[in-house]
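Just query22.pdb here, PDB, N, CA and C atoms:
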```pdb
MODEL        1
ATOM      1  N   PRO A   9      96.383  91.900 116.820
ATOM      2  CA  PRO A   9      96.209  91.510 118.216
ATOM      3  C   PRO A   9      95.631  90.108 118.301
ATOM      4  N   ARG A  10      96.048  89.401 119.293
ATOM      5  CA  ARG A  10      95.597  88.032 119.457
ATOM      6  C   ARG A  10      94.540  87.919 120.569
ATOM      7  N   LEU A  11      93.792  88.967 120.770
ATOM      8  CA  LEU A  11      92.739  88.978 121.774
ATOM      9  C   LEU A  11      91.645  87.984 121.379
ATOM     10  N   GLY A  12      91.280  87.132 122.286
ATOM     11  CA  GLY A  12      90.179  86.218 122.066
ATOM     12  C   GLY A  12      90.528  84.965 121.290
ATOM     13  N   PHE A  13      91.803  84.731 120.982
ATOM     14  CA  PHE A  13      92.167  83.563 120.195
ATOM     15  C   PHE A  13      91.916  82.257 120.941
ATOM     16  N   LYS A  14      91.906  82.294 122.257
ATOM     17  CA  LYS A  14      91.711  81.066 123.047
ATOM     18  C   LYS A  14      90.281  80.946 123.579
ATOM     19  N   TRP A  15      89.376  81.793 123.114
ATOM     20  CA  TRP A  15      88.005  81.762 123.608
ATOM     21  C   TRP A  15      87.197  80.609 123.020
ATOM     22  N   VAL A  16      87.594  80.119 121.870
ATOM     23  CA  VAL A  16      86.892  79.007 121.236
ATOM     24  C   VAL A  16      87.897  77.871 121.022
ATOM     25  N   PRO A  17      87.403  76.648 120.938
ATOM     26  CA  PRO A  17      88.321  75.524 120.712
ATOM     27  C   PRO A  17      89.096  75.687 119.389
ATOM     28  N   GLU A  18      90.291  75.151 119.351
ATOM     29  CA  GLU A  18      91.166  75.254 118.174
ATOM     30  C   GLU A  18      90.508  74.650 116.925
ATOM     31  N   ARG A  19      89.702  73.615 117.095
ATOM     32  CA  ARG A  19      89.068  72.972 115.937
ATOM     33  C   ARG A  19      88.044  73.884 115.251
ATOM     34  N   TRP A  20      87.596  74.928 115.940
ATOM     35  CA  TRP A  20      86.649  75.875 115.343
ATOM     36  C   TRP A  20      87.355  76.986 114.562
ATOM     37  N   ALA A  21      88.678  77.030 114.630
ATOM     38  CA  ALA A  21      89.444  78.133 114.035
ATOM     39  C   ALA A  21      89.095  78.397 112.566
ATOM     40  N   PRO A  22      89.011  77.382 111.698
ATOM     41  CA  PRO A  22      88.689  77.686 110.296
ATOM     42  C   PRO A  22      87.314  78.352 110.133
ATOM     43  N   HIS A  23      86.351  77.897 110.911
ATOM     44  CA  HIS A  23      85.008  78.495 110.839
ATOM     45  C   HIS A  23      85.007  79.917 111.394
ATOM     46  N   MET A  24      85.727  80.115 112.476
ATOM     47  CA  MET A  24      85.806  81.454 113.063
ATOM     48  C   MET A  24      86.522  82.418 112.122
ATOM     49  N   ASP A  25      87.542  81.929 111.425
ATOM     50  CA  ASP A  25      88.231  82.776 110.445
ATOM     51  C   ASP A  25      87.274  83.215 109.345
ATOM     52  N   ARG A  26      86.459  82.293 108.861
ATOM     53  CA  ARG A  26      85.511  82.640 107.795
ATOM     54  C   ARG A  26      84.457  83.628 108.293
ATOM     55  N   ILE A  27      83.963  83.420 109.505
ATOM     56  CA  ILE A  27      82.983  84.345 110.090
ATOM     57  C   ILE A  27      83.617  85.731 110.249
ATOM     58  N   ALA A  28      84.857  85.759 110.731
ATOM     59  CA  ALA A  28      85.553  87.043 110.901
ATOM     60  C   ALA A  28      85.774  87.733 109.566
ATOM     61  N   ASP A  29      86.079  86.955 108.527
ATOM     62  CA  ASP A  29      86.267  87.545 107.198
ATOM     63  C   ASP A  29      84.974  88.150 106.664
ATOM     64  N   VAL A  30      83.860  87.458 106.848
ATOM     65  CA  VAL A  30      82.568  88.002 106.405
ATOM     66  C   VAL A  30      82.234  89.265 107.190
ATOM     67  N   PHE A  31      82.418  89.223 108.503
ATOM     68  CA  PHE A  31      82.140  90.390 109.343
ATOM     69  C   PHE A  31      83.005  91.578 108.921
ATOM     70  N   THR A  32      84.295  91.328 108.696
ATOM     71  CA  THR A  32      85.203  92.400 108.277
ATOM     72  C   THR A  32      84.802  92.949 106.917
ATOM     73  N   GLY A  33      84.432  92.068 105.992
ATOM     74  CA  GLY A  33      83.981  92.521 104.673
ATOM     75  C   GLY A  33      82.736  93.385 104.759
ATOM     76  N   LEU A  34      81.790  92.990 105.592
ATOM     77  CA  LEU A  34      80.571  93.795 105.769
ATOM     78  C   LEU A  34      80.894  95.144 106.395
ATOM     79  N   PHE A  35      81.766  95.146 107.399
ATOM     80  CA  PHE A  35      82.174  96.405 108.015
ATOM     81  C   PHE A  35      82.807  97.335 106.982
ATOM     82  N   LEU A  36      83.675  96.777 106.153
ATOM     83  CA  LEU A  36      84.334  97.594 105.131
ATOM     84  C   LEU A  36      83.350  98.100 104.077
ATOM     85  N   LEU A  37      82.295  97.342 103.805
ATOM     86  CA  LEU A  37      81.263  97.840 102.883
ATOM     87  C   LEU A  37      80.524  99.038 103.475
ATOM     88  N   VAL A  38      80.280  99.000 104.780
ATOM     89  CA  VAL A  38      79.644 100.143 105.449
ATOM     90  C   VAL A  38      80.558 101.368 105.352
ATOM     91  N   VAL A  39      81.844 101.176 105.603
ATOM     92  CA  VAL A  39      82.801 102.284 105.493
ATOM     93  C   VAL A  39      82.865 102.773 104.043
ATOM     94  N   THR A  40      82.766 101.853 103.094
ATOM     95  CA  THR A  40      82.738 102.242 101.677
ATOM     96  C   THR A  40      81.552 103.154 101.402
ATOM     97  N   TRP A  41      80.397 102.795 101.946
ATOM     98  CA  TRP A  41      79.199 103.619 101.746
ATOM     99  C   TRP A  41      79.425 105.045 102.266
ATOM    100  N   TYR A  42      79.987 105.159 103.455
ATOM    101  CA  TYR A  42      80.255 106.489 103.996
ATOM    102  C   TYR A  42      81.300 107.227 103.156
ATOM    103  N   GLY A  43      82.216 106.502 102.584
ATOM    104  CA  GLY A  43      83.175 107.119 101.675
ATOM    105  C   GLY A  43      82.500 107.663 100.436
ATOM    106  N   VAL A  44      81.539 106.925  99.897
ATOM    107  CA  VAL A  44      80.777 107.394  98.735
ATOM    108  C   VAL A  44      79.982 108.646  99.101
ATOM    109  N   VAL A  45      79.351 108.628 100.266
ATOM    110  CA  VAL A  45      78.595 109.802 100.723
ATOM    111  C   VAL A  45      79.524 111.012 100.850
ATOM    112  N   PHE A  46      80.711 110.802 101.383
ATOM    113  CA  PHE A  46      81.690 111.878 101.532
ATOM    114  C   PHE A  46      82.087 112.453 100.166
ATOM    115  N   VAL A  47      82.378 111.565  99.215
ATOM    116  CA  VAL A  47      82.797 112.017  97.886
ATOM    117  C   VAL A  47      81.660 112.755  97.190
ATOM    118  N   LEU A  48      80.444 112.252  97.303
ATOM    119  CA  LEU A  48      79.303 112.934  96.669
ATOM    120  C   LEU A  48      79.053 114.300  97.295
ATOM    121  N   ALA A  49      79.216 114.397  98.607
ATOM    122  CA  ALA A  49      79.058 115.699  99.269
ATOM    123  C   ALA A  49      80.135 116.659  98.804
ATOM    124  N   SER A  50      81.318 116.150  98.640
ATOM    125  CA  SER A  50      82.426 116.971  98.153
ATOM    126  C   SER A  50      82.162 117.438  96.724
ATOM    127  N   LYS A  51      81.621 116.553  95.912
ATOM    128  CA  LYS A  51      81.291 116.901  94.521
ATOM    129  C   LYS A  51      80.202 117.968  94.478
ATOM    130  N   ASP A  52      79.167 117.775  95.283
ATOM    131  CA  ASP A  52      78.053 118.730  95.299
ATOM    132  C   ASP A  52      78.460 120.102  95.808
ATOM    133  N   SER A  53      79.395 120.138  96.731
ATOM    134  CA  SER A  53      79.793 121.422  97.299
ATOM    135  C   SER A  53      80.859 122.129  96.456
ATOM    136  N   GLY A  54      81.458 121.402  95.507
ATOM    137  CA  GLY A  54      82.451 122.033  94.644
ATOM    138  C   GLY A  54      83.786 122.288  95.318
ATOM    139  N   VAL A  55      84.141 121.478  96.278
ATOM    140  CA  VAL A  55      85.412 121.639  96.988
ATOM    141  C   VAL A  55      86.569 121.501  96.007
ATOM    142  N   LEU A  56      87.556 122.378  96.154
ATOM    143  CA  LEU A  56      88.750 122.313  95.316
ATOM    144  C   LEU A  56      89.928 121.782  96.126
ATOM    145  N   ALA A  57      90.782 121.012  95.468
ATOM    146  CA  ALA A  57      91.996 120.519  96.119
ATOM    147  C   ALA A  57      92.948 121.694  96.311
ATOM    148  N   ALA A  58      93.563 121.754  97.473
ATOM    149  CA  ALA A  58      94.481 122.849  97.772
ATOM    150  C   ALA A  58      95.651 122.847  96.793
ATOM    151  N   VAL A  59      96.150 123.979  96.507
ATOM    152  CA  VAL A  59      97.326 124.244  95.674
ATOM    153  C   VAL A  59      97.061 124.029  94.186
ATOM    154  N   ILE A  60      96.449 122.899  93.790
ATOM    155  CA  ILE A  60      96.307 122.632  92.358
ATOM    156  C   ILE A  60      94.985 123.140  91.776
ATOM    157  N   ASN A  61      94.075 123.597  92.607
ATOM    158  CA  ASN A  61      92.810 124.207  92.187
ATOM    159  C   ASN A  61      92.004 123.379  91.191
ATOM    160  N   VAL A  62      91.853 122.111  91.471
ATOM    161  CA  VAL A  62      90.966 121.250  90.690
ATOM    162  C   VAL A  62      89.951 120.641  91.654
ATOM    163  N   SER A  63      88.868 120.134  91.106
ATOM    164  CA  SER A  63      87.860 119.497  91.950
ATOM    165  C   SER A  63      88.496 118.370  92.755
ATOM    166  N   ALA A  64      88.132 118.315  94.015
ATOM    167  CA  ALA A  64      88.729 117.317  94.907
ATOM    168  C   ALA A  64      88.087 115.941  94.766
ATOM    169  N   TRP A  65      86.834 115.883  94.337
ATOM    170  CA  TRP A  65      86.131 114.607  94.369
ATOM    171  C   TRP A  65      86.746 113.518  93.492
ATOM    172  N   PRO A  66      87.303 113.815  92.309
ATOM    173  CA  PRO A  66      87.921 112.708  91.569
ATOM    174  C   PRO A  66      89.106 112.085  92.319
ATOM    175  N   ILE A  67      89.836 112.903  93.030
ATOM    176  CA  ILE A  67      90.963 112.401  93.820
ATOM    177  C   ILE A  67      90.437 111.592  95.011
ATOM    178  N   GLN A  68      89.353 112.074  95.611
ATOM    179  CA  GLN A  68      88.790 111.430  96.791
ATOM    180  C   GLN A  68      88.116 110.096  96.481
ATOM    181  N   THR A  69      87.864 109.807  95.207
ATOM    182  CA  THR A  69      87.241 108.513  94.890
ATOM    183  C   THR A  69      88.130 107.343  95.294
ATOM    184  N   ALA A  70      89.408 107.617  95.525
ATOM    185  CA  ALA A  70      90.302 106.552  96.006
ATOM    186  C   ALA A  70      89.855 106.040  97.376
ATOM    187  N   ILE A  71      89.172 106.861  98.149
ATOM    188  CA  ILE A  71      88.745 106.458  99.490
ATOM    189  C   ILE A  71      87.740 105.305  99.426
ATOM    190  N   PRO A  72      86.576 105.469  98.771
ATOM    191  CA  PRO A  72      85.655 104.330  98.734
ATOM    192  C   PRO A  72      86.178 103.163  97.900
ATOM    193  N   LEU A  73      86.959 103.447  96.861
ATOM    194  CA  LEU A  73      87.505 102.350  96.058
ATOM    195  C   LEU A  73      88.468 101.488  96.867
ATOM    196  N   GLY A  74      89.270 102.120  97.693
ATOM    197  CA  GLY A  74      90.199 101.361  98.537
ATOM    198  C   GLY A  74      89.473 100.490  99.544
ATOM    199  N   PHE A  75      88.459 101.044 100.186
ATOM    200  CA  PHE A  75      87.700 100.252 101.155
ATOM    201  C   PHE A  75      86.910  99.138 100.464
ATOM    202  N   ALA A  76      86.363  99.411  99.281
ATOM    203  CA  ALA A  76      85.624  98.379  98.551
ATOM    204  C   ALA A  76      86.549  97.238  98.133
ATOM    205  N   SER A  77      87.754  97.571  97.693
ATOM    206  CA  SER A  77      88.683  96.505  97.292
ATOM    207  C   SER A  77      89.106  95.675  98.502
ATOM    208  N   ALA A  78      89.259  96.308  99.648
ATOM    209  CA  ALA A  78      89.590  95.560 100.865
ATOM    210  C   ALA A  78      88.422  94.649 101.262
ATOM    211  N   ALA A  79      87.189  95.129 101.109
ATOM    212  CA  ALA A  79      86.018  94.300 101.413
ATOM    213  C   ALA A  79      85.995  93.082 100.495
ATOM    214  N   LEU A  80      86.260  93.275  99.214
ATOM    215  CA  LEU A  80      86.292  92.151  98.281
ATOM    216  C   LEU A  80      87.370  91.140  98.669
ATOM    217  N   ARG A  81      88.487  91.646  99.143
ATOM    218  CA  ARG A  81      89.573  90.762  99.578
ATOM    219  C   ARG A  81      89.099  89.861 100.719
ATOM    220  N   TYR A  82      88.427  90.438 101.721
ATOM    221  CA  TYR A  82      87.961  89.638 102.844
ATOM    222  C   TYR A  82      86.838  88.684 102.449
ATOM    223  N   PHE A  83      85.987  89.094 101.514
ATOM    224  CA  PHE A  83      84.964  88.175 101.022
ATOM    225  C   PHE A  83      85.617  87.018 100.266
ATOM    226  N   ALA A  84      86.698  87.294  99.539
ATOM    227  CA  ALA A  84      87.432  86.224  98.859
ATOM    228  C   ALA A  84      88.034  85.258  99.873
ATOM    229  N   PHE A  85      88.550  85.785 100.982
ATOM    230  CA  PHE A  85      89.085  84.915 102.033
ATOM    231  C   PHE A  85      87.984  84.022 102.606
ATOM    232  N   ALA A  86      86.777  84.566 102.748
ATOM    233  CA  ALA A  86      85.668  83.781 103.296
ATOM    234  C   ALA A  86      85.217  82.700 102.315
ATOM    235  N   ILE A  87      85.213  83.022 101.035
ATOM    236  CA  ILE A  87      84.758  82.062 100.028
ATOM    237  C   ILE A  87      85.832  81.019  99.729
ATOM    238  N   TRP A  88      87.068  81.477  99.587
ATOM    239  CA  TRP A  88      88.198  80.593  99.266
ATOM    240  C   TRP A  88      89.258  80.716 100.370
ATOM    241  N   PRO A  89      89.121  79.978 101.458
ATOM    242  CA  PRO A  89      90.053  80.114 102.583
ATOM    243  C   PRO A  89      91.516  79.852 102.208
ATOM    244  N   ALA A  90      91.771  79.135 101.148
ATOM    245  CA  ALA A  90      93.146  78.818 100.761
ATOM    246  C   ALA A  90      93.919  80.057 100.308
ATOM    247  N   VAL A  91      93.223  81.121  99.898
ATOM    248  CA  VAL A  91      93.926  82.324  99.440
ATOM    249  C   VAL A  91      94.310  83.247 100.598
ATOM    250  N   ARG A  92      93.843  82.936 101.783
ATOM    251  CA  ARG A  92      94.168  83.748 102.964
ATOM    252  C   ARG A  92      95.662  83.604 103.301
ATOM    253  N   PRO A  93      96.353  84.714 103.539
ATOM    254  CA  PRO A  93      97.766  84.602 103.914
ATOM    255  C   PRO A  93      97.933  83.875 105.236
ATOM    256  N   VAL A  94      99.002  83.153 105.359
ATOM    257  CA  VAL A  94      99.287  82.423 106.600
ATOM    258  C   VAL A  94      99.804  83.440 107.622
ATOM    259  N   PRO A  95      99.171  83.486 108.821
ATOM    260  CA  PRO A  95      99.641  84.436 109.840
ATOM    261  C   PRO A  95     101.025  84.031 110.358
ATOM    262  N   PRO A  96     101.813  85.010 110.778
ATOM    263  CA  PRO A  96     103.127  84.667 111.326
ATOM    264  C   PRO A  96     103.001  83.918 112.647
ATOM    265  N   LEU A  97     103.951  83.092 112.913
ATOM    266  CA  LEU A  97     103.956  82.354 114.179
ATOM    267  C   LEU A  97     104.303  83.289 115.325
ATOM    268  N   PRO A  98     103.670  83.092 116.506
ATOM    269  CA  PRO A  98     103.963  83.975 117.641
ATOM    270  C   PRO A  98     105.346  83.800 118.196
TER     271      PRO A  98
ENDMDL
END
```

Would you mind writing the file's structure down as structure tokens?
Amino acid sequence: PRLGFKWVPERWAPHMDRIADVFTGLFLLVVTWYGVVFVLASKDSGVLAAVINVSAWPIQTAIPLGFASAALRYFAFAIWPAVRPVPPLP
């Protein structure tokens, strides 16, 4: 969505992109934490994956790992803006 793209002058765009990348990375770290809490609760309770009857928590580790890798991606965009993909033209 392009909501708010005209709220700041165009010359501020690179700085706003970096701020947005840091904010997004921090948000994803918070979601990662909740993913870790979810997986640990699943491990402690002994939940089994349906049909295959194995512990669910090793499979569920993909949840926090995925969010953590996305957070690292956005932090990389903030540190090295050149690696950020070019958005499509409207």

How many Å lie between atom CA of Gln68 of chain A and atom CA of Ser50 of chain A, rounded to one decimal? 8.5 Å

Record the distance separating atom CA of Phe85 of chain A and atom C of Ala70 of chain A, expressed in Å with one decimal.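 One can read the atom CA of Phe85 of chain A to atom C of Ala70 of chain A distance as 21.6 Å.
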
So, counting only C-alpha atoms, which residue among A:Met24, A:Val44, A:Ala58, A:Ile87 is closest to Phe75 of chain A? A:Val44

Between atom C of Leu97 of chain A and atom C of Arg81 of chain A, what is the distance, to one decimal in Å? 22.1 Å

Box in all listed atoms of segment 24-28 of chain A, axis-aligned, with 4 Å more on each side; write out centre and edge lengths in Å to one decimal as AutoDock Vina command-line options.
```
--center_x 85.6 --center_y 83.9 --center_z 110.4 --size_x 13.2 --size_y 15.6 --size_z 13.3
```

Using only C-alpha atoms, find the one residue out of A:Leu36, A:Ala21, A:Ala28, A:Val59 that sits nearest to Ala76 of chain A. A:Leu36

List, as number ranges by chain, every residue that the PyMOL selection byres (((chain A and resi 72 and name CA) around 10) and name CA) selects in the file provided. A: 36-47, 68-71, 73-78

Residue nearest Arg26 of chain A among A:Ile60, A:Ala79, A:Ala86, A:Leu48 (counting only N, CA and C atoms):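 Distance minimum relative to Arg26 of chain A lands on A:Ala86.
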
Residue with smallest distance to Gly54 of chain A - pool A:Ala90, A:Thr32, A:Lys14, A:Pro66, counting only C-alpha atoms: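 Nearest to Gly54 of chain A: A:Pro66.
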
Please determine, counting only N, CA and C atoms, which residue among A:Ala84, A:Ala49, A:Ala64, A:Val16 has the shortest atom-to-atom distance to Asp29 of chain A.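 Result for the nearest residue to Asp29 of chain A: A:Ala84.
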
Given all atoms listed in the file as the basis, pick out the residue of A:Asn61, A:Pro17, A:Phe35, A:Asp25 nearest to Pro89 of chain A.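 Residue with the minimum atom-to-atom distance to Pro89 of chain A: A:Asp25.
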
Final N, CA, C and O atoms of segment 15-36 of chain A as an mmCIF file, in the frame of the given file:
```cif
data_model
loop_
_atom_site.group_PDB
_atom_site.id
_atom_site.type_symbol
_atom_site.label_atom_id
_atom_site.label_comp_id
_atom_site.auth_asym_id
_atom_site.auth_seq_id
_atom_site.Cartn_x
_atom_site.Cartn_y
_atom_site.Cartn_z
ATOM 1 N N TRP A 15 89.376 81.793 123.114
ATOM 2 C CA TRP A 15 88.005 81.762 123.608
ATOM 3 C C TRP A 15 87.197 80.609 123.020
ATOM 4 O O TRP A 15 86.188 80.207 123.587
ATOM 5 N N VAL A 16 87.594 80.119 121.870
ATOM 6 C CA VAL A 16 86.892 79.007 121.236
ATOM 7 C C VAL A 16 87.897 77.871 121.022
ATOM 8 O O VAL A 16 89.096 78.112 120.920
ATOM 9 N N PRO A 17 87.403 76.648 120.938
ATOM 10 C CA PRO A 17 88.321 75.524 120.712
ATOM 11 C C PRO A 17 89.096 75.687 119.389
ATOM 12 O O PRO A 17 88.584 76.265 118.426
ATOM 13 N N GLU A 18 90.291 75.151 119.351
ATOM 14 C CA GLU A 18 91.166 75.254 118.174
ATOM 15 C C GLU A 18 90.508 74.650 116.925
ATOM 16 O O GLU A 18 90.716 75.135 115.820
ATOM 17 N N ARG A 19 89.702 73.615 117.095
ATOM 18 C CA ARG A 19 89.068 72.972 115.937
ATOM 19 C C ARG A 19 88.044 73.884 115.251
ATOM 20 O O ARG A 19 87.665 73.640 114.126
ATOM 21 N N TRP A 20 87.596 74.928 115.940
ATOM 22 C CA TRP A 20 86.649 75.875 115.343
ATOM 23 C C TRP A 20 87.355 76.986 114.562
ATOM 24 O O TRP A 20 86.705 77.814 113.937
ATOM 25 N N ALA A 21 88.678 77.030 114.630
ATOM 26 C CA ALA A 21 89.444 78.133 114.035
ATOM 27 C C ALA A 21 89.095 78.397 112.566
ATOM 28 O O ALA A 21 88.879 79.552 112.189
ATOM 29 N N PRO A 22 89.011 77.382 111.698
ATOM 30 C CA PRO A 22 88.689 77.686 110.296
ATOM 31 C C PRO A 22 87.314 78.352 110.133
ATOM 32 O O PRO A 22 87.161 79.277 109.340
ATOM 33 N N HIS A 23 86.351 77.897 110.911
ATOM 34 C CA HIS A 23 85.008 78.495 110.839
ATOM 35 C C HIS A 23 85.007 79.917 111.394
ATOM 36 O O HIS A 23 84.352 80.804 110.843
ATOM 37 N N MET A 24 85.727 80.115 112.476
ATOM 38 C CA MET A 24 85.806 81.454 113.063
ATOM 39 C C MET A 24 86.522 82.418 112.122
ATOM 40 O O MET A 24 86.144 83.593 112.024
ATOM 41 N N ASP A 25 87.542 81.929 111.425
ATOM 42 C CA ASP A 25 88.231 82.776 110.445
ATOM 43 C C ASP A 25 87.274 83.215 109.345
ATOM 44 O O ASP A 25 87.269 84.381 108.942
ATOM 45 N N ARG A 26 86.459 82.293 108.861
ATOM 46 C CA ARG A 26 85.511 82.640 107.795
ATOM 47 C C ARG A 26 84.457 83.628 108.293
ATOM 48 O O ARG A 26 84.103 84.569 107.584
ATOM 49 N N ILE A 27 83.963 83.420 109.505
ATOM 50 C CA ILE A 27 82.983 84.345 110.090
ATOM 51 C C ILE A 27 83.617 85.731 110.249
ATOM 52 O O ILE A 27 83.003 86.750 109.926
ATOM 53 N N ALA A 28 84.857 85.759 110.731
ATOM 54 C CA ALA A 28 85.553 87.043 110.901
ATOM 55 C C ALA A 28 85.774 87.733 109.566
ATOM 56 O O ALA A 28 85.647 88.959 109.467
ATOM 57 N N ASP A 29 86.079 86.955 108.527
ATOM 58 C CA ASP A 29 86.267 87.545 107.198
ATOM 59 C C ASP A 29 84.974 88.150 106.664
ATOM 60 O O ASP A 29 84.979 89.245 106.093
ATOM 61 N N VAL A 30 83.860 87.458 106.848
ATOM 62 C CA VAL A 30 82.568 88.002 106.405
ATOM 63 C C VAL A 30 82.234 89.265 107.190
ATOM 64 O O VAL A 30 81.809 90.278 106.615
ATOM 65 N N PHE A 31 82.418 89.223 108.503
ATOM 66 C CA PHE A 31 82.140 90.390 109.343
ATOM 67 C C PHE A 31 83.005 91.578 108.921
ATOM 68 O O PHE A 31 82.515 92.700 108.782
ATOM 69 N N THR A 32 84.295 91.328 108.696
ATOM 70 C CA THR A 32 85.203 92.400 108.277
ATOM 71 C C THR A 32 84.802 92.949 106.917
ATOM 72 O O THR A 32 84.812 94.164 106.697
ATOM 73 N N GLY A 33 84.432 92.068 105.992
ATOM 74 C CA GLY A 33 83.981 92.521 104.673
ATOM 75 C C GLY A 33 82.736 93.385 104.759
ATOM 76 O O GLY A 33 82.633 94.421 104.086
ATOM 77 N N LEU A 34 81.790 92.990 105.592
ATOM 78 C CA LEU A 34 80.571 93.795 105.769
ATOM 79 C C LEU A 34 80.894 95.144 106.395
ATOM 80 O O LEU A 34 80.342 96.177 105.981
ATOM 81 N N PHE A 35 81.766 95.146 107.399
ATOM 82 C CA PHE A 35 82.174 96.405 108.015
ATOM 83 C C PHE A 35 82.807 97.335 106.982
ATOM 84 O O PHE A 35 82.510 98.530 106.925
ATOM 85 N N LEU A 36 83.675 96.777 106.153
ATOM 86 C CA LEU A 36 84.334 97.594 105.131
ATOM 87 C C LEU A 36 83.350 98.100 104.077
ATOM 88 O O LEU A 36 83.535 99.190 103.531
#
```
